[in-house]
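Report on the structure given below.
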Amino acid sequence: MTTLEIKNLHVSVDTDQGKKQILRGVDLVVKSGETHAIMGPNGSGKSTLAYSIAGHPKYEVTEGEILLDGQNVLEMAVDERAKAGLFLAMQYPVEVPGVSVSNFLRTAKTALDGEAPKLREWIGDLKHAMKNLRMDPDFTERNVNEGFSGGEKKRHEILQLELLKPKIAILDETDSGLDVDALKVVSEGVNRAKEETGIGVLLITHYTRILRYIEPDFVHVFVAGKVAEQGGPELAERLEAEGYDRYLKTEA
Amino acid sequence: MAQHGIKAHEHKLVPLQTRSERPRSTSISDFAELSNRQEIWRYLPMDRLQGLDAEVIGEVSRDELSITLAGTVTASWIDSSEPIVGTAGLPEDRISAIAWTNASKTLLVEVPADQEIAEPVFLTLKLEELAAKALHIFVKVGANAKATIVLDHIGQGSLAENVEILLDPGAKLDFVSIQDWDNGSSHVSNQLTRLGKDSVLKHVVVSLGGDLVRVTPSVALDSPGAEIQMYGVYLADSKNYFEHRPYVDHIAENCVSNVAYKGALQGAGAHTVWVGDVLIRETAIGTNSYELNRNLLLTDGARADSVPNLEIETGKIEGAGHASASGRFDDEQLFYLMARGIGDTEAKRLVVRGFLNEVVQKVGISQVEDRLIASIEQGLEKAGV
């Protein structure tokens, strides 16, 4: 049983116009087996939350805490956070030229486990996971994210989620840029990970579409760097019907 | 071989109007003494020449060059006055002329026509003293023959070198020149190549060690349908100055050239220079040409100069392009790798290896690739990356 606790989180980024505050006191608790959807309009700070948890150097935490089973995540380096069990499926995964998917995945698995995976087992797991995500077997010979289509990038992120087996996964707009078929495949991958390892999921999305395939237990609406409202799955349905206008008006 | 006007360049920097106007001669006196005011020596640290600019220098002895032949390939030392010497090209600079004049013997390596040689030929030069020496090598590949030749420079020394490579029609050669000198070494190498009709040369430069290493590979594409792939990979640390100046002269129709050099630099004082010249003459209809140089600066205080020059005298070509970029580690790449649990050092290594891989994979000779990868690993370890 793992618990990710976010307490009163304030985060700023450096911009050309100086420091800009994005998160203004976020409180959130995600436990193993739970799926939390974070929804909100563009610019509300959803992705900032994701990157702050993962430890991207661009984001500066000015106040508040992030704890994983009581351990202070903010004191951990980026790779230590991954080793502690955090995973971020990125919205815009970057290209790493000259590094094959196969080499990358094996290096990551070795780093997380502290030892190289047994070759036969590893190849078996990899093949199986790729087949489930309907990925071409020669995909592993390509360079990481180089020349990948939008759908391939997202499948590759979910492939990592399934193979690296984190405790808490943050999915940053994994649904963006996917057609319905790809969305289904990717969602199945997340649901498999939930079933098999009981991970906690923080699902960041602008649209309710993905929630038809990955059912949330909790829905949090982000507005202007804070949770404006929270509830169960029914809140997502209401957002589907009404949009975010209601929150934006009260902000203004 | 008239050298009119050459004296005019002695005291001021007058850029030549086109690359092809650069004078060619085997005579030292036809070239002005070295100065940073001349474009071709502009970046060179003159204090590291170690006598390579003296008019009289020594000559590499036979026992300093070990030769591992393969198949029906032959090697013999001939007088440099033999008519074959100079048929692939002539010096374009003073040090090349010094090397030419001082090498009384030439090592002639011949691949007979129609022979396909599976194993690589290794020429390993090992110097153990700093006295400046000259060396001349001539590689001739007969019609429709196919071979691989690796020229390796190791030890500690000071070398002025000319390498001529001549491919008969339909010949294919993979040629690799490795500069893996110990600290304190200086090496200036002019590599002149001439390609026969429909011949293909893969020319690879690997520079890993030496206080001063300057390699100027040039190719005259004066027979139709010839193709050259010029690759370079270098890893410079704070002790190294590496300069590479590939030059492709497109003269005949329907020739292909592809130049790609990639380097990683680390440590204060590490300096690399890449000047890539491509000239597509009016007669070179149907040319397809591309040149690229990329540098990855791993630490502060390293410097990479990169200058691509492209001259096009005809519009009737397939394509011509160039690209040059030098930059630091990409923070987003490192973040992505680290977010998957990969530690800082390992992530940087992956990025560097990946960066150089594109060219390393082109070498195609496993012994050389393994050594290159080991050398990259060692270099990174030394730098604490």
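The way I read the labels, and the way they are meant: chains A, B, ... in the order of the structure tokens, residue 1 as the first residue of every chain, and ligand 1 as the first ligand shown, with later ones counted on from there.
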Report as number ranges by chain the set of chain B residues whose atoms approach chain A to within 8 Å, with distances computed over only C-alpha atoms.
B: 332-333, 335-344, 350-351, 353-358
Let me see the file: selected residues, N, CA and C atoms, as a PDB file, in the first residue's frame.
ATOM      1  N   GLU B 332      16.251  18.421 -21.416  1.00  0.00           N
ATOM      2  CA  GLU B 332      15.003  17.657 -21.536  1.00  0.00           C
ATOM      3  C   GLU B 332      15.300  16.168 -21.764  1.00  0.00           C
ATOM      4  N   GLN B 333      16.359  15.890 -22.529  1.00  0.00           N
ATOM      5  CA  GLN B 333      16.752  14.485 -22.728  1.00  0.00           C
ATOM      6  C   GLN B 333      17.175  13.865 -21.403  1.00  0.00           C
ATOM      7  N   PHE B 335      16.336  14.808 -18.413  1.00  0.00           N
ATOM      8  CA  PHE B 335      15.171  14.666 -17.532  1.00  0.00           C
ATOM      9  C   PHE B 335      14.372  13.418 -17.906  1.00  0.00           C
ATOM     10  N   TYR B 336      14.171  13.235 -19.183  1.00  0.00           N
ATOM     11  CA  TYR B 336      13.388  12.085 -19.644  1.00  0.00           C
ATOM     12  C   TYR B 336      14.022  10.773 -19.182  1.00  0.00           C
ATOM     13  N   LEU B 337      15.332  10.659 -19.369  1.00  0.00           N
ATOM     14  CA  LEU B 337      16.029   9.425 -18.985  1.00  0.00           C
ATOM     15  C   LEU B 337      16.031   9.245 -17.464  1.00  0.00           C
ATOM     16  N   MET B 338      16.272  10.335 -16.747  1.00  0.00           N
ATOM     17  CA  MET B 338      16.330  10.236 -15.282  1.00  0.00           C
ATOM     18  C   MET B 338      14.960   9.938 -14.682  1.00  0.00           C
ATOM     19  N   ALA B 339      13.922  10.446 -15.332  1.00  0.00           N
ATOM     20  CA  ALA B 339      12.568  10.185 -14.843  1.00  0.00           C
ATOM     21  C   ALA B 339      12.215   8.703 -14.964  1.00  0.00           C
ATOM     22  N   ARG B 340      13.070   7.945 -15.655  1.00  0.00           N
ATOM     23  CA  ARG B 340      12.860   6.497 -15.742  1.00  0.00           C
ATOM     24  C   ARG B 340      13.814   5.757 -14.808  1.00  0.00           C
ATOM     25  N   GLY B 341      14.448   6.523 -13.922  1.00  0.00           N
ATOM     26  CA  GLY B 341      15.285   5.883 -12.908  1.00  0.00           C
ATOM     27  C   GLY B 341      16.758   5.821 -13.262  1.00  0.00           C
ATOM     28  N   ILE B 342      17.106   6.301 -14.458  1.00  0.00           N
ATOM     29  CA  ILE B 342      18.501   6.232 -14.897  1.00  0.00           C
ATOM     30  C   ILE B 342      19.278   7.383 -14.242  1.00  0.00           C
ATOM     31  N   GLY B 343      20.382   7.055 -13.581  1.00  0.00           N
ATOM     32  CA  GLY B 343      21.153   8.060 -12.844  1.00  0.00           C
ATOM     33  C   GLY B 343      21.766   9.100 -13.765  1.00  0.00           C
ATOM     34  N   ASP B 344      22.162  10.216 -13.183  1.00  0.00           N
ATOM     35  CA  ASP B 344      22.697  11.355 -13.916  1.00  0.00           C
ATOM     36  C   ASP B 344      23.864  10.966 -14.844  1.00  0.00           C
ATOM     37  N   LEU B 350      24.527   7.795 -21.943  1.00  0.00           N
ATOM     38  CA  LEU B 350      23.601   7.344 -22.988  1.00  0.00           C
ATOM     39  C   LEU B 350      23.458   8.405 -24.064  1.00  0.00           C
ATOM     40  N   VAL B 351      23.322   9.653 -23.619  1.00  0.00           N
ATOM     41  CA  VAL B 351      23.133  10.744 -24.577  1.00  0.00           C
ATOM     42  C   VAL B 351      24.376  10.914 -25.463  1.00  0.00           C
ATOM     43  N   ARG B 353      26.855   8.673 -26.071  1.00  0.00           N
ATOM     44  CA  ARG B 353      27.021   7.511 -26.941  1.00  0.00           C
ATOM     45  C   ARG B 353      26.020   7.559 -28.085  1.00  0.00           C
ATOM     46  N   GLY B 354      24.793   7.914 -27.738  1.00  0.00           N
ATOM     47  CA  GLY B 354      23.748   8.004 -28.764  1.00  0.00           C
ATOM     48  C   GLY B 354      24.099   9.049 -29.800  1.00  0.00           C
ATOM     49  N   PHE B 355      24.601  10.174 -29.324  1.00  0.00           N
ATOM     50  CA  PHE B 355      24.970  11.284 -30.201  1.00  0.00           C
ATOM     51  C   PHE B 355      26.046  10.848 -31.209  1.00  0.00           C
ATOM     52  N   LEU B 356      27.061  10.153 -30.692  1.00  0.00           N
ATOM     53  CA  LEU B 356      28.166   9.747 -31.570  1.00  0.00           C
ATOM     54  C   LEU B 356      27.824   8.493 -32.384  1.00  0.00           C
ATOM     55  N   ASN B 357      26.862   7.741 -31.881  1.00  0.00           N
ATOM     56  CA  ASN B 357      26.515   6.460 -32.486  1.00  0.00           C
ATOM     57  C   ASN B 357      26.220   6.528 -33.978  1.00  0.00           C
ATOM     58  N   GLU B 358      25.525   7.583 -34.346  1.00  0.00           N
ATOM     59  CA  GLU B 358      25.109   7.742 -35.728  1.00  0.00           C
ATOM     60  C   GLU B 358      26.306   7.586 -36.670  1.00  0.00           C
TER      61      GLU B 358
END
Set the distance at 9 Å and use only C-alpha atoms: which residues neighbour A:Ile158 once local chain neighbours fewer than 6 positions away are removed? I'd like the list as a list in words.
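Residues near the query, excluding close chain neighbours: Ala89, Leu133, Thr174, Val186, Ser187, Gly189 and Val190 of chain A.
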Between A:Glu196, A:Glu234, A:Asp175, A:Asp245, which is the closest to A:Tyr213 once you count only C-alpha atoms?
A:Asp175
Could you pull the residues within 12 Å of stretch 87-89 of chain B, counting only C-alpha atoms, minus those fewer than 6 positions along the same chain, as a VMD selection string?
chain B and resid 23 to 26 80 to 81 96 to 97 100 137 to 141 162 to 168 190 to 196 217 to 222 249
